[in-house]
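Heads up, the thing below is written out as structure tokens.
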Amino acid sequence: MRRVIRLATLATAASFALSAIAQTPRNGGELIFPVPSEPPSYDGHREETFGLIHPIAPFYNTLLRVDPTDISGTRVVPSVASSWTVSSDGKTYTFKLRGGVKFHDGSELTAKDVKASYDKIIFPPPGVGSTRQGQYVAVEAVEAPDATTVVFRLKYASGSLLAGLASPYNFLYKADILAKEPNWYEKNIMGTGPFVFVEHVKGSHVVGKKNPDYWDKGKPHLDSFRAIFMRDSAAQVAAVRGERAHIQFRGFTPKDRDNLKAALGDKITVQESPWDCILMVGFNHEKKPFDDKRVRRALSLALDRHEASKALSQIAIVKAVAGVQVPGTPFATPPEELNKLAGYWTDAEKSRAEARKLLREAGVPDGFSFTFSNRGIPMPYEPLGVWLIDQWRKVGLNVEQRVIEAAGYYGVIRSGDTEAFMDFQCGYIVDPDLDMYKFLSTSRNPANYGRYEDPVLDELYDKQSRTTSVEERKRLVGAFEKRLLEEEAHYLMTLQWHRIIPHSAKVKGWQVTPSHYLNNTLDTVWLSE
Amino acid sequence: MPPSSPLNETAAPPDRKSAGTVFATLVDFARRRPLGAVGGAIIVVMVMLAASANLIAPYDPLATDYAAMLAAPSEAHWLGTDAFGRDMLSRMIHGSRTALMVGLGASLLGASLGSLIGVASAYFGGRVDLLVQRVMDVFFAFPVIILALAVVSIIGTGVGNVVLAIATPMVPRCARVVRASALSVREMPYVDAARAAGFGHPRIILRHMLPNVMAPVLIMATAFLGEAILLEASLSFLGLGVTEPTAAWGLMLRGAAVEFAETAPWMAIFPGLAISLAVFGFNLLGDSLRDALDPRLRTQ
């Protein structure tokens, strides 16, 4: 008996040891990944596409980052900053920088560089583009009192500043270069990141090699990476299937996942997550009958989101029933609460009966026709468009779909030549400020093409943005959601996108998150063979 | 018994004779041109399906059934279902209506405009003819599908716009052929006579010249029909033609049909077959009509 116990103990210890060895990062190798889009420029401060993030982020660091092991993609951790403190009134954030962070030209990164980078993002000089300037309206000034301290002074307390400072786009640039030529980084790459730029052959690839002087000792694990530009999704799938690429960081369809799994079996690891992207239907409030909230609410009530979640997730990159926050993240409304909102009821027949009643009350006749404008992008616009039209038919509406070519789509939407239209919201971090800004009154956000003014909604947004209490913020986000989706039904949500990353099982140290903009620094990634 | 009248007595026999003649002509055509008859039969079946789609389609072509997504052909769904659980057979039957509507619309529009331009160009001659023909040359410089793509990208998608987009590249081709015929018709004495009688240009073009160049127009229109159906399918397949949820063969070949080609091949096979068969039918009939109406071939 004693012998058996001894053997069992030995076996357990051996299995722990083997598992530890298996999880010990291996150094070396080249990570190869297709990128479906090419960077318009190299400047993260002005661009807003994953086509820049995927191949260029490994060359840079940010002040803070989202924890690369956090599946919710919301936990902010230090990066170049080693720690921070917040004043008692919530209006002063002081960051201490870690030492030994060097640019690829050998010079040391100091607080001056961080200040210059954030001044460019928040207070860009004339002629310098900054896409996310509006996300830092609370910031009054950025200061660098000494070489290792950066201070952000705010006009008012903000619940979203840390998330904003963890933006993967906020690359830290060298102050001296920005002083000489503020747009230098549009055409050049020189950061502090784990990889050093080797080459970019336009239309073909970007290559980066390991930074031997990287401040985070022992990282990166890879010798190099190669990002290959490949627009065609079939070619991307074929590259992974043929083991010519390890991973594609944006996402594949459920069918692609199934095909890859069937073809490669254990050689493929699949990671999935709700995706911080959602398509929603907007209504031109200046056109009848969409100026009537009963009609808008009826159109939401007509949808059986729960059935669609099961069915459409088999053919499209959508899955979860969602409100204004990605399900499962800190500020998301729990499903049992969300299902109380009009349009989210689990009883589809009851919901549709209510929709018909509201349409009758609003004087909308049976068989009423309207045009639904959709964007000419196959996935997931096309299947969602078919689903919406079918659902609206079930409450007696006759909907014609007008598919507008992708490049010209927003020109048409902005012009107001629409009745109901598809719009989207994607974020780099799941955060109420970032995800709900889209829905503010058109006078505050011209990118809200619903053409409405709702001071109550705006006030709820401002309140949640300025509170630092998590519980109070949750309550305010819930109130915002209820007004947006039920009381006024300014927009109606379809289904949360679902991110599916089938990748080579050799790829380790990479965690899927709800954003395809996160976790692309590649410092933690390694190849098992 | 109603009293018989000379009118009744003389009116009845020609009707019977005309019906008999038409039938005999058709039989003669089928005997002489069996391939053309096969083409004609395909078209007749297609027209009948389109006309009676509401009666014979087993399901509403737009109705989704998420419990039957991607169902293989079975007793309930003879040709299976698509990615939304819509019955493929019903969508195929209703798709014939879209194909014919777009095909006929584009052919009629293209042939009518082309004929008018061709005859007018030949009639006026000189600088007008030179200018019109150079404009036609510009259109000829573009491949048919490229020109249709350009038009649809400017005016947008939808059935009406697709008809216009497909008709556009057909106009110069018809105009060129019709102009060649109209040049000889212009020299006919009856045209001179009409001009001498003081008739206006529109009357001479529309009443005296156009009816006399209808044979090539008819042949071209028939040939265009098959091409128009193929173009409509191509545009829809590229996402620039008819839009969902309209039942259209090209549209049925797109999206999920490509993605699920291995596991649900019926989604691609049946609409593909329908397009091929329709184009085949119109081409066979068009070729046979050309042979039948071509005087050089007729005398052989």
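Residue numbering restarts at 1 for every chain of the structure tokens, chains are lettered A, B, ... in their displayed order, and ligands are numbered from 1 as they appear.
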
Write out as a PyMOL selection string every residue belonging to chain A that has an atom at most 8 Å from any atom of chain B, counting only C-alpha atoms.
chain A and resi 255+311+315+376+378+385-386+389-390+401-405

Atoms kept (N, CA, C and O atoms) for selection, written as a PDB file, in the first residue's frame:
```
ATOM      1  N   LYS A 255     -17.684  28.632 -39.743  1.00  0.00           N
ATOM      2  CA  LYS A 255     -17.421  27.577 -40.720  1.00  0.00           C
ATOM      3  C   LYS A 255     -15.918  27.383 -40.917  1.00  0.00           C
ATOM      4  O   LYS A 255     -15.441  26.248 -40.998  1.00  0.00           O
ATOM      5  N   ALA A 311     -29.189  30.533 -33.839  1.00  0.00           N
ATOM      6  CA  ALA A 311     -29.151  30.187 -35.268  1.00  0.00           C
ATOM      7  C   ALA A 311     -28.028  30.907 -36.011  1.00  0.00           C
ATOM      8  O   ALA A 311     -27.224  30.275 -36.700  1.00  0.00           O
ATOM      9  N   ILE A 315     -23.654  30.534 -38.597  1.00  0.00           N
ATOM     10  CA  ILE A 315     -23.271  30.949 -39.961  1.00  0.00           C
ATOM     11  C   ILE A 315     -22.588  32.313 -40.012  1.00  0.00           C
ATOM     12  O   ILE A 315     -22.106  32.723 -41.063  1.00  0.00           O
ATOM     13  N   GLY A 376     -22.434  47.311 -47.879  1.00  0.00           N
ATOM     14  CA  GLY A 376     -22.067  46.218 -48.788  1.00  0.00           C
ATOM     15  C   GLY A 376     -20.851  45.432 -48.342  1.00  0.00           C
ATOM     16  O   GLY A 376     -19.873  45.300 -49.077  1.00  0.00           O
ATOM     17  N   PRO A 378     -19.969  41.621 -46.770  1.00  0.00           N
ATOM     18  CA  PRO A 378     -20.684  40.354 -46.564  1.00  0.00           C
ATOM     19  C   PRO A 378     -20.860  39.955 -45.101  1.00  0.00           C
ATOM     20  O   PRO A 378     -21.963  39.621 -44.670  1.00  0.00           O
ATOM     21  N   GLY A 385     -28.734  41.503 -42.107  1.00  0.00           N
ATOM     22  CA  GLY A 385     -29.736  42.204 -42.911  1.00  0.00           C
ATOM     23  C   GLY A 385     -30.891  41.282 -43.277  1.00  0.00           C
ATOM     24  O   GLY A 385     -32.068  41.653 -43.155  1.00  0.00           O
ATOM     25  N   VAL A 386     -30.563  40.070 -43.713  1.00  0.00           N
ATOM     26  CA  VAL A 386     -31.602  39.091 -44.068  1.00  0.00           C
ATOM     27  C   VAL A 386     -32.459  38.778 -42.837  1.00  0.00           C
ATOM     28  O   VAL A 386     -33.693  38.723 -42.915  1.00  0.00           O
ATOM     29  N   ILE A 389     -34.856  41.795 -41.858  1.00  0.00           N
ATOM     30  CA  ILE A 389     -35.994  41.941 -42.781  1.00  0.00           C
ATOM     31  C   ILE A 389     -37.027  40.845 -42.532  1.00  0.00           C
ATOM     32  O   ILE A 389     -38.227  41.094 -42.529  1.00  0.00           O
ATOM     33  N   ASP A 390     -36.538  39.642 -42.302  1.00  0.00           N
ATOM     34  CA  ASP A 390     -37.443  38.517 -42.019  1.00  0.00           C
ATOM     35  C   ASP A 390     -38.226  38.762 -40.722  1.00  0.00           C
ATOM     36  O   ASP A 390     -39.429  38.514 -40.655  1.00  0.00           O
ATOM     37  N   GLN A 401     -34.393  46.068 -48.937  1.00  0.00           N
ATOM     38  CA  GLN A 401     -33.013  46.322 -48.535  1.00  0.00           C
ATOM     39  C   GLN A 401     -32.282  47.085 -49.635  1.00  0.00           C
ATOM     40  O   GLN A 401     -32.352  46.720 -50.802  1.00  0.00           O
ATOM     41  N   ARG A 402     -31.593  48.122 -49.234  1.00  0.00           N
ATOM     42  CA  ARG A 402     -30.783  48.892 -50.177  1.00  0.00           C
ATOM     43  C   ARG A 402     -29.330  48.704 -49.744  1.00  0.00           C
ATOM     44  O   ARG A 402     -28.926  49.198 -48.691  1.00  0.00           O
ATOM     45  N   VAL A 403     -28.597  47.951 -50.541  1.00  0.00           N
ATOM     46  CA  VAL A 403     -27.202  47.676 -50.181  1.00  0.00           C
ATOM     47  C   VAL A 403     -26.319  48.722 -50.846  1.00  0.00           C
ATOM     48  O   VAL A 403     -26.351  48.897 -52.063  1.00  0.00           O
ATOM     49  N   ILE A 404     -25.562  49.426 -50.012  1.00  0.00           N
ATOM     50  CA  ILE A 404     -24.712  50.505 -50.523  1.00  0.00           C
ATOM     51  C   ILE A 404     -23.263  50.071 -50.412  1.00  0.00           C
ATOM     52  O   ILE A 404     -22.837  49.549 -49.373  1.00  0.00           O
ATOM     53  N   GLU A 405     -22.529  50.295 -51.477  1.00  0.00           N
ATOM     54  CA  GLU A 405     -21.116  49.904 -51.529  1.00  0.00           C
ATOM     55  C   GLU A 405     -20.382  50.495 -50.323  1.00  0.00           C
ATOM     56  O   GLU A 405     -20.623  51.655 -49.937  1.00  0.00           O
TER      57      GLU A 405
END
```

From the DSSP assignment of the backbone, select every residue of segment 160-251 of chain B that is helix (DSSP H, G or I), and format the answer as number ranges by chain.
B: 160-186, 189-196, 201-237, 249-251

Contacts of segment 514-520 of chain A within 10 Å, only C-alpha atoms, excl. fewer than 3 positions in-chain, as a VMD selection string
chain A and resid 48 to 58 65 to 74 166 to 169 249 to 251 272 to 277 326 to 327 329 426 to 430 497 to 499 510 to 511 523 to 525

Residue contacts of Val196 of chain A (10 Å, only C-alpha atoms) excluding same-chain residues fewer than 3 positions away, as a list of chain:residue names
A:Pro58, A:Phe59, A:Tyr60, A:Phe103, A:His104, A:Asp105, A:Ile189, A:Met190, A:Gly191, A:Thr192, A:Gly193, A:Glu199, A:Val207, A:Gly208, A:Lys209, A:Lys210, A:Asn211, A:Pro212, A:Tyr214, A:Ser224

Please provide as an MDAnalysis selection string all residues within 12 Å of segment 333-338 of chain A, with the sequence filter that same-chain residues fewer than 3 positions apart are discarded (counting only C-alpha atoms).
chainID A and resid 305:306 320:330 341:346 432 473:482 485:486

Hey, which of A:Ala235, A:Leu484, A:Ala348, A:Ile500 ends up closest to Arg297 of chain A? Count only C-alpha atoms.
A:Leu484

When you draw a straight line from atom CA of Leu492 of chain A to atom CA of Leu312 of chain A, how long is it in Å?
17.2 Å

I'd like the neighbourhood of Val270 of chain A as a CSV table (one decimal) with C-alpha atoms, in the first residue's frame, where a residue qualifies if any of its atoms comes within 8 Å (using only C-alpha atoms), though same-chain residues fewer than 6 positions away should be ignored.
```
chain,number,residue,atom,x,y,z
A,257,ARG,CA,-13.2,27.3,-37.5
A,500,ILE,CA,-13.2,33.2,-33.2
A,501,ILE,CA,-9.5,32.7,-33.4
A,502,PRO,CA,-8.5,29.2,-34.6
A,503,HIS,CA,-4.7,29.2,-34.4
```

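Among the candidates B:Ala180, B:Leu113, B:Ala165, B:Val171, the residue lying nearest to Gly125 of chain B is B:Ala180 (atoms considered: only C-alpha atoms).
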
Using only C-alpha atoms, can you tell me which of A:Ile32, A:Ile377, A:Leu279, A:Ile317 comes closest to Tyr409 of chain A?
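Nearest to Tyr409 of chain A: A:Ile377.
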
For Asp43 of chain A: contacts at 8 Å, only C-alpha atoms, fewer than 6 positions along chain excluded, given as a tab-separated table (two decimals) with C-alpha atoms, in the first residue's frame:
```tsv
chain	number	residue	atom	x	y	z
A	185	TYR	CA	5.94	58.97	-37.31
A	186	GLU	CA	3.48	58.77	-40.20
A	187	LYS	CA	6.23	57.46	-42.44
```

A:Asp146, A:Lys115, A:Leu165, A:Trp215 ranked by distance to Val101 of chain A, top pick (using only C-alpha atoms):
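Smallest separation from Val101 of chain A among the options: A:Trp215.
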
Have a look at atom CA of Pro61 of chain B and atom CA of Ala247 of chain B and let me know their distance in Å, one decimal.
6.7 Å

Report, in Å with one decimal, the straight-line distance from atom CA of Arg134 of chain B to atom CA of Asp192 of chain B.
27.1 Å
